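Colleague: Structure in structure tokens, see below.
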2 protein chains.
Amino acid sequence: MKLQVAMDLLSVDDALSLLSRVAEYVDVIELGTPLIKQEGLSAVTKIKHAYPDKIVFADMKTMDAGELEAEMAFKAGADYMTVLGVAGDSTIAGAVKAAKKHGKTVVADIIGVKDKAARVKELKALGVGLVELHAGLDEQAESGYTIDSLLAAGKGADIPFSIAGGINVDRIGQVEDAGAAIAVAGAAIYGAKDPAAAAKALRDKIRNHG
Amino acid sequence: MKLQVAMDLLSVDDALSLLSRVAEYVDVIELGTPLIKQEGLSAVTKIKHAYPDKIVFADMKTMDAGELEAEMAFKAGADYMTVLGVAGDSTIAGAVKAAKKHGKTVVADIIGVKDKAARVKELKALGVGLVELHAGLDEQAESGYTIDSLLAAGKGADIPFSIAGGINVDRIGQVEDAGAAIAVAGAAIYGAKDPAAAAKALRDKIRNHG
């Protein structure tokens with residue numbers, strides 16, 4: 001399993017500052033949707049330039065104009081870009097077309113998808129490379145939220161998947177047990193008093209890395 | 001009914017160039033999602049600065065972190081910002097909270113919503129100011145697409161709504177007949193050989209303007 005840091009920060013400077021402390025412990029660097037909207041895709045270019053050997057993940061959350069938005073993200077330097085699982089099939093197919101052209105990867109974010117198991121099968125057939133089983137920041141803040149439904153959806157998935165939704169050192173073991181290809185940590189790293197120590201602790205909990 | 005120009009362009013320079021020709025005929029200036037992602041929210045600031053008397057519409061298509069993304073858009077100078085109707089209720093409520101604080105408007109884009117009539121009622125209850133009945137660029141490109149289902153959804157809506165999905169001079173009369181508060185034209189303006197003439201022709205077709 002790989003470790004991904006999701007940077008829900010609002011400036012490239014803050015992102016680069018965080019990465020200077022945590023990059024050595026992570027495999028995938030995610031620029032969050034608010035960061036991309038605030039700064040534009042030049043943020044992706046700057047971070048890929050600073051960390052060319054890392055997988056750079058642009059959380060575009062594309063809902064329309066799939067081929068165009070995927071082209072934009074890959075041209076900017078992203079290795080992975082996200083489309084929304086709730087988007088129409090033609091939007092997802094358009095993004096996959098751009099990914100094949102560039103030799104890159106489309107990740108389908110299933111945030112907001114009601115029947116996760118059924119949609120994951122369709123997304124696989126549409127050619128996405130990875131499914132992100134994701135509870136958003138707003139959903140995580142709702143009372144009664146747990147990671148269990150994401151873990152359950154992962155156990156039935158027939159495609160590589162990541163899990164994102166409040167992963168910390170106590171939960172990352174369950175995520176690996178569920179078979180995730182990537183564990184995504186956000187606030188557990190960027191919100192920690194010592195982000196480097198937090199990232200290292202998460203990394204050290206992964207039993208089979210890679 | 002008001003006229004909105006949707007700018008599915010990828011640079012502020014191109015957007016300002018288009019606006020220099022068409023702004024006098026439109027009420028609402030929309031920065032498309034790809035433009036915001038490419039250039040960042042400074043694009044909104046630049047266009048609001050150039051056209052302070054127009055309603056500036058930031059098509060954020062927010063799916064998560066509703067309060068944060070709405071704050072970002074309004075702080076950048078947007079008068080209207082969009083959340084996705086398929087987003088969770090807490091995301092939409094967060095955006096509405098930010099809109100009330102700033103005295104601005106949240107528009108819910110119903111792209112991808114299956115049961116439009118039911119969701120429109122819920123969106124009204126959540127406090128959005130306007131519902132955008134919207135077929136995306138990818139959906140418009142599918143065979144068999146017509147604007148009829150959007151017009152039908154509008155006729156049953158109990159909240160101000162806009163319609164976006166391939167409006168041209170032949171269709172704008174139907175949009176006004178359906179009771180839309182705003183007609184959104186994209187390619188019919190920016191894709192025209194003479195965008196100024198195209199915008200003026202659309203504007204002239206509106207019988208009751210305002």
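Each chain in the structure tokens gets a letter, A, B and so on, in the order shown; residues start at 1 in every chain, and ligands are counted from 1 in the order they appear.
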Within 10 Å of chain B, which residues belong to chain A? Use only C-alpha atoms and report them as a PyMOL selection string.

Modeller: chain A and resi 8+10+33-43+60-69+72-73+76+84+86-94+111-113+135-139+141-142

Colleague: Measuring between only C-alpha atoms, which one of A:Gly165, A:Gly144, A:Gly154, A:Gly85 shows the shortest distance to Ile110 (chain A)?

Modeller: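 Once distances to Ile110 (chain A) are computed over only C-alpha atoms, the minimum belongs to A:Gly85.
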
Colleague: Can you list, as an NGL selection string, every protein, DNA or RNA residue that comes within 8 Å of Lys48 (chain A) when you count only C-alpha atoms, leaving out same-chain residues fewer than 5 positions away?

Modeller: :A and (54 or 56 or 77-78)

Colleague: Any chance you can output those residues with C-alpha atoms as a CSV table (one decimal), in the first residue's frame?

Modeller:
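So out.csv came out as:
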chain,number,residue,atom,x,y,z
A,54,LYS,CA,6.5,11.6,-6.7
A,56,VAL,CA,1.3,14.2,-8.4
A,77,GLY,CA,2.1,17.9,-14.9
A,78,ALA,CA,-0.4,15.8,-13.0

Colleague: Between A:Ala118, A:Ala98, A:Leu202, A:Val26, which one has atoms that come closest to Glu176 (chain A), using only C-alpha atoms?

Modeller: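 Ranked by minimum distance to Glu176 (chain A), first place goes to A:Leu202.
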
Colleague: Identify, on the basis of only C-alpha atoms, every residue whose closest approach to Gly173 (chain A) does not exceed 12 Å; exclude the query and any residue fewer than 5 positions from it along the same chain; express the result as a PyMOL selection string.

Modeller: chain A and resi 1+151+163+167-168+178-180+182-183+201-208

Colleague: From a DSSP calculation on the backbone, collect every residue of chain B in strand (DSSP E) and output the set as a ChimeraX atom specification.

Modeller: /B:2-7,28-31,55-62,80-84,105-109,130-134,161-164,182-185

Colleague: Using only C-alpha atoms for the distances, tell me which of A:Lys101, A:His209, A:Lys193, A:His49 is nearest to Ala181 (chain A).

Modeller: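 Comparing A:Lys101, A:His209, A:Lys193, A:His49 against Ala181 (chain A), the winner is A:His209.
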
Colleague: Which residue is closest to Ala153 (chain B)? Choose from B:Val22, B:Ala117, B:Ile172, B:Leu126 and count only C-alpha atoms.

Modeller: B:Ala117

Colleague: Find the residues around Ile189 (chain B) up to 8 Å (only C-alpha atoms counted), leave out those fewer than 3 positions away in its own chain, and share them as a list in words.

Modeller: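 Result of the neighbour search: Val5, Ala185, Gly186, Ala192, Pro195, Ala196, Ala198 and Ala199 of chain B.
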
Colleague: Interatomic distance between CA of Ala108 (chain B) and CA of Val44 (chain A)?

Modeller: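 We find that CA of Ala108 (chain B) and CA of Val44 (chain A) lie 28.0 Å from each other.
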